[in-house]
Amino acid sequence: TTTTTTTTITIPAGGFGGGPGQLAHCATSYAAILALSIIASVSPMPNSVSDYLTQIRQPLYAWYLSLQQPDGGFRMHHDGEVDVRATYTMLAVTSLLNITTPQLTQHAASYIASCQTYEGGFGGEPFSEAHGGYAFCAVAALQLLNSLKDAVVDIENLRGWLARRQMSFEGGFAGRSNKLADGCYSFWQGGAMAILSARYSTTDDGPRTSSTTGCLYHPHQDCWLSILPSSQSAQLPPPPKLLLFDEKMLQRFILLCAQDPNGGLRDKPSKPRDFYHSCYNLSGLSVTQHYCSSKNENNDDDDSFGHAIFSRVAATHPLFNIRIDRATPILQQFYNLE
């Protein structure tokens, strides 16, 4: 029934709207493809979902091309705003479905680079204030383009801006300079830092890449896939083991401040719980538990904050923000991996 519902809100343009009859939009298309990817890995009829994803690849690709701008940016929807959210959500979908092409990504890295501010973070568009949500979109998009490099953006300045957003007392991240900590930035800033940190836990130039895949994303260069023991292969880079922020302080903030005693998670104490903050707090918690250096050499349980079993969450993929064991089958299908 979930597949039927999702099929209903596909429109002829190729993207997905937020509901039946609504305009196709990059954000809701991203959410729909991620939801379908999750369903495909747990559905009693996975082939039907996988077949549907195969059918919509070409219409989606054509729709994304129709949103492309001459400067390399993308509109969120037809006649909509142009910002790095559109670039990231497009690349996340096309990378999962293996429909990213040089034509689709022409000038995309230079557009993203133009959104970096003097502080080191990224705004939604050129000359805007650096913001955690846009910074994540920019960093993840650059990684999907294999362009998270000093030659493209100021990596050192970016690292400093991200590190300074973690509050020294609370342990949580703020979204902008001179703002308060907010639970959702546990992933927006923490996820961006996890992607950036992988550069320093593998090689000087970033996660190992394959010489046969060109400049676009390919699972064989994806160091996060090797987090799962079942996915470890000589073809994959080693899993990252470094986070350039205090992961235990962030865990404390999430579990003590952002967690509502009645269930769910929130911005901070005194704020109401909601699905949005529940999602991104848990995603940030996952980053701190699976990409940190606190595990001992025997890979036993680490000394992270919280209960060793009940506070533990599954590993999310920092580029897509769905569980790695949900992303892997989709990548295997569309990249013809064994």
# chains A, B, ... in the order shown; residues from 1 in each chain; ligands from 1

$ select_by_dssp --residues "segment 120-329 of chain A" --states "strand (DSSP E or B)" --output "PyMOL selection string"
chain A and resi 122+166+173-174+181+259+265-266+273+316+323

$ write_last_selection --atoms "N, CA, C and O atoms" --output "mmCIF file, in the first residue's frame"
data_model
loop_
_atom_site.group_PDB
_atom_site.id
_atom_site.type_symbol
_atom_site.label_atom_id
_atom_site.label_comp_id
_atom_site.auth_asym_id
_atom_site.auth_seq_id
_atom_site.Cartn_x
_atom_site.Cartn_y
_atom_site.Cartn_z
ATOM 1 N N PHE A 122 28.612 27.561 4.395
ATOM 2 C CA PHE A 122 27.913 27.790 3.129
ATOM 3 C C PHE A 122 26.537 28.372 3.388
ATOM 4 O O PHE A 122 25.826 27.950 4.315
ATOM 5 N N GLN A 166 29.969 23.887 17.438
ATOM 6 C CA GLN A 166 29.664 23.060 18.605
ATOM 7 C C GLN A 166 29.836 23.893 19.854
ATOM 8 O O GLN A 166 30.903 24.463 20.098
ATOM 9 N N PHE A 173 25.182 21.481 18.598
ATOM 10 C CA PHE A 173 25.598 22.380 17.527
ATOM 11 C C PHE A 173 24.571 23.490 17.337
ATOM 12 O O PHE A 173 23.360 23.266 17.423
ATOM 13 N N ALA A 174 25.068 24.674 17.036
ATOM 14 C CA ALA A 174 24.223 25.772 16.575
ATOM 15 C C ALA A 174 24.251 25.801 15.055
ATOM 16 O O ALA A 174 25.199 25.315 14.430
ATOM 17 N N ALA A 181 22.291 26.328 20.575
ATOM 18 C CA ALA A 181 22.317 24.937 20.120
ATOM 19 C C ALA A 181 20.898 24.478 19.802
ATOM 20 O O ALA A 181 19.936 24.873 20.451
ATOM 21 N N GLN A 259 16.248 14.867 24.145
ATOM 22 C CA GLN A 259 15.306 13.765 24.289
ATOM 23 C C GLN A 259 14.158 14.159 25.216
ATOM 24 O O GLN A 259 14.371 14.592 26.344
ATOM 25 N N LEU A 265 12.121 13.463 20.153
ATOM 26 C CA LEU A 265 13.215 14.395 20.405
ATOM 27 C C LEU A 265 12.841 15.788 19.937
ATOM 28 O O LEU A 265 11.892 15.966 19.177
ATOM 29 N N ARG A 266 13.623 16.777 20.364
ATOM 30 C CA ARG A 266 13.232 18.178 20.201
ATOM 31 C C ARG A 266 14.442 19.058 19.926
ATOM 32 O O ARG A 266 15.587 18.600 19.946
ATOM 33 N N ARG A 273 8.471 18.292 21.127
ATOM 34 C CA ARG A 273 9.029 17.230 20.292
ATOM 35 C C ARG A 273 8.329 17.234 18.936
ATOM 36 O O ARG A 273 7.166 17.646 18.815
ATOM 37 N N THR A 316 23.700 5.296 10.061
ATOM 38 C CA THR A 316 23.138 6.017 8.925
ATOM 39 C C THR A 316 24.254 6.398 7.973
ATOM 40 O O THR A 316 25.401 6.594 8.376
ATOM 41 N N ARG A 323 19.732 4.362 6.612
ATOM 42 C CA ARG A 323 20.621 3.344 7.149
ATOM 43 C C ARG A 323 21.472 2.727 6.041
ATOM 44 O O ARG A 323 20.995 2.512 4.914
#

$ residues_around --residues "Pro272 of chain A" --least-positions-apart "5" --cutoff "12 Å" --atoms "only C-alpha atoms" --output "list of chain:residue names"
A:Gly183, A:Cys257, A:Ala258, A:Gln259, A:Asp260, A:Pro261, A:Asn262, A:Gly263, A:Gly264, A:Leu265, A:Arg266, A:Asp267, A:His277, A:Ser278

$ closest_residue --among "A:Ser41, A:Ser95, A:Ser128, A:Gln333" --to "Asp222 of chain A" --atoms "only C-alpha atoms"
A:Ser95

$ select_by_dssp --residues "segment 56-241 of chain A" --states "alpha helix (DSSP H)" --output "MDAnalysis selection string"
chainID A and resid 56:67 84:96 108:113 132:144 155:164 185:201

$ residues_around --residues "Arg312 of chain A" --least-positions-apart "6" --cutoff "10 Å" --atoms "only C-alpha atoms" --output "ChimeraX atom specification"
/A:282,285-286,289-290,304-306

$ write_last_selection --atoms "C-alpha atoms" --output "CSV table (one decimal), in the first residue's frame"
chain,number,residue,atom,x,y,z
A,282,LEU,CA,18.8,10.4,15.9
A,285,LEU,CA,23.5,10.3,17.4
A,286,SER,CA,24.2,7.6,14.8
A,289,GLN,CA,28.3,6.3,17.5
A,290,HIS,CA,29.6,4.8,14.3
A,304,SER,CA,30.1,6.4,24.5
A,305,PHE,CA,27.6,8.3,26.6
A,306,GLY,CA,24.3,6.5,27.3

$ closest_residue --among "A:Gln189, A:Ser197, A:Asn157, A:Gln332" --to "Gly172 of chain A" --atoms "only C-alpha atoms"
A:Gln189

$ residues_around --residues "Ala130 of chain A" --least-positions-apart "2" --cutoff "8 Å" --atoms "only C-alpha atoms" --output "PyMOL selection string"
chain A and resi 116-117+119-124+128+132+134-135+176

$ write_last_selection --atoms "all heavy atoms" --output "short mmCIF file (atom, residue, chain, number, x, y, z; two decimals), in the first residue's frame"
data_model
loop_
_atom_site.label_atom_id
_atom_site.label_comp_id
_atom_site.auth_asym_id
_atom_site.auth_seq_id
_atom_site.Cartn_x
_atom_site.Cartn_y
_atom_site.Cartn_z
N GLN A 116 30.10 29.47 -0.65
CA GLN A 116 30.90 29.49 0.58
C GLN A 116 31.14 30.93 1.00
O GLN A 116 31.43 31.81 0.19
CB GLN A 116 32.25 28.79 0.37
CG GLN A 116 33.04 28.61 1.66
CD GLN A 116 34.26 27.73 1.50
OE1 GLN A 116 34.83 27.63 0.41
NE2 GLN A 116 34.69 27.08 2.58
N THR A 117 31.00 31.20 2.30
CA THR A 117 31.11 32.56 2.82
C THR A 117 32.49 32.81 3.41
O THR A 117 33.30 31.89 3.56
CB THR A 117 30.04 32.82 3.91
OG1 THR A 117 30.46 32.19 5.14
CG2 THR A 117 28.68 32.26 3.49
N GLU A 119 33.17 33.21 6.38
CA GLU A 119 33.33 32.47 7.62
C GLU A 119 33.83 31.04 7.39
O GLU A 119 34.40 30.42 8.28
CB GLU A 119 31.99 32.38 8.36
CG GLU A 119 31.49 33.67 8.96
CD GLU A 119 30.22 33.42 9.75
OE1 GLU A 119 29.14 33.30 9.12
OE2 GLU A 119 30.29 33.34 10.99
N GLY A 120 33.56 30.51 6.21
CA GLY A 120 33.96 29.15 5.89
C GLY A 120 32.80 28.21 5.65
O GLY A 120 32.96 27.17 5.02
N GLY A 121 31.63 28.54 6.18
CA GLY A 121 30.44 27.73 5.94
C GLY A 121 29.81 28.06 4.60
O GLY A 121 30.39 28.76 3.77
N PHE A 122 28.61 27.56 4.40
CA PHE A 122 27.91 27.79 3.13
C PHE A 122 26.54 28.37 3.39
O PHE A 122 25.83 27.95 4.32
CB PHE A 122 27.75 26.47 2.36
CG PHE A 122 29.03 25.92 1.81
CD1 PHE A 122 29.86 25.15 2.59
CD2 PHE A 122 29.40 26.18 0.49
CE1 PHE A 122 31.05 24.63 2.09
CE2 PHE A 122 30.58 25.67 -0.02
CZ PHE A 122 31.41 24.90 0.78
N GLY A 123 26.17 29.32 2.56
CA GLY A 123 24.80 29.81 2.54
C GLY A 123 24.00 29.07 1.49
O GLY A 123 24.54 28.28 0.71
N GLY A 124 22.70 29.36 1.44
CA GLY A 124 21.86 28.69 0.47
C GLY A 124 22.15 29.10 -0.95
O GLY A 124 21.96 28.33 -1.90
N SER A 128 24.94 34.76 0.82
CA SER A 128 24.04 34.56 1.95
C SER A 128 24.85 34.16 3.19
O SER A 128 26.01 33.78 3.10
CB SER A 128 23.01 33.46 1.65
OG SER A 128 22.16 33.85 0.59
N GLY A 132 23.89 25.96 8.90
CA GLY A 132 24.17 24.54 9.05
C GLY A 132 23.48 23.65 8.04
O GLY A 132 24.09 22.71 7.50
N TYR A 134 22.31 24.40 4.99
CA TYR A 134 22.89 24.60 3.67
C TYR A 134 24.33 24.09 3.62
O TYR A 134 24.78 23.59 2.58
CB TYR A 134 22.86 26.09 3.30
CG TYR A 134 21.46 26.64 3.15
CD1 TYR A 134 20.99 27.65 3.98
CD2 TYR A 134 20.61 26.15 2.16
CE1 TYR A 134 19.71 28.16 3.83
CE2 TYR A 134 19.33 26.65 2.00
CZ TYR A 134 18.88 27.67 2.85
OH TYR A 134 17.61 28.17 2.70
N ALA A 135 25.04 24.22 4.73
CA ALA A 135 26.42 23.72 4.76
C ALA A 135 26.45 22.21 4.55
O ALA A 135 27.28 21.70 3.80
CB ALA A 135 27.08 24.09 6.09
N ARG A 176 24.08 28.66 13.14
CA ARG A 176 24.77 29.84 12.63
C ARG A 176 25.58 30.47 13.75
O ARG A 176 25.43 30.12 14.92
CB ARG A 176 23.75 30.86 12.09
CG ARG A 176 23.00 30.42 10.85
CD ARG A 176 21.96 31.45 10.45
NE ARG A 176 20.78 31.39 11.31
CZ ARG A 176 19.87 32.37 11.40
NH1 ARG A 176 20.04 33.50 10.72
NH2 ARG A 176 18.82 32.23 12.17
#

$ closest_residue --among "A:Cys215, A:Glu170, A:Cys292, A:Asn336" --to "Leu256 of chain A" --atoms "only C-alpha atoms"
A:Glu170

$ closest_residue --among "A:Ser168, A:Ile227, A:Gln235, A:Asn47" --to "Lys248 of chain A" --atoms "only C-alpha atoms"
A:Ser168

$ residues_around --residues "segment 66-68 of chain A" --least-positions-apart "5" --cutoff "8 Å" --atoms "only C-alpha atoms" --output "compact mmCIF listing (two decimals) with N, CA and C atoms, in the first residue's frame"
# COMPACT_ATOMS: atom_id res chain seq x y z
N GLY A 73 23.59 25.76 -10.87
CA GLY A 73 22.61 25.55 -9.81
C GLY A 73 21.35 24.88 -10.33
N PHE A 74 20.45 24.56 -9.40
CA PHE A 74 19.17 23.93 -9.75
C PHE A 74 18.04 24.62 -9.01
N ARG A 75 16.89 24.66 -9.65
CA ARG A 75 15.69 25.16 -8.98
C ARG A 75 15.08 24.05 -8.12
N MET A 76 14.45 24.43 -7.02
CA MET A 76 13.78 23.44 -6.19
C MET A 76 12.54 22.89 -6.89
N HIS A 77 11.92 23.69 -7.72
CA HIS A 77 10.78 23.27 -8.54
C HIS A 77 10.68 24.25 -9.69
N HIS A 78 9.86 23.98 -10.65
CA HIS A 78 9.72 24.89 -11.78
C HIS A 78 9.27 26.26 -11.29
N LEU A 104 24.45 16.55 -16.38
CA LEU A 104 23.63 16.98 -15.25
C LEU A 104 24.44 17.77 -14.23

$ closest_atom_pairs --of "segment 79-174 of chain A" --to "segment 10-30 of chain A" --cutoff "10 Å" --atoms "only C-alpha atoms" --output "CSV"
residue,atom,partner,partner_atom,distance
A:Gly80,CA,A:His25,CA,8.9
A:Arg85,CA,A:Ala27,CA,7.7
A:Ala86,CA,A:Cys26,CA,5.8
A:Thr87,CA,A:Cys26,CA,8.8
A:Tyr88,CA,A:Cys26,CA,9.2
A:Thr89,CA,A:Tyr30,CA,5.5
A:Met90,CA,A:Cys26,CA,6.6
A:Leu91,CA,A:Tyr30,CA,9.3
A:Ala92,CA,A:Tyr30,CA,7.3
A:Val93,CA,A:Tyr30,CA,6.1
A:Thr94,CA,A:Tyr30,CA,9.6

$ closest_residue --among "A:Asp83, A:Asp325, A:Asp274, A:Glu156" --to "Cys184 of chain A" --atoms "only C-alpha atoms"
A:Asp274
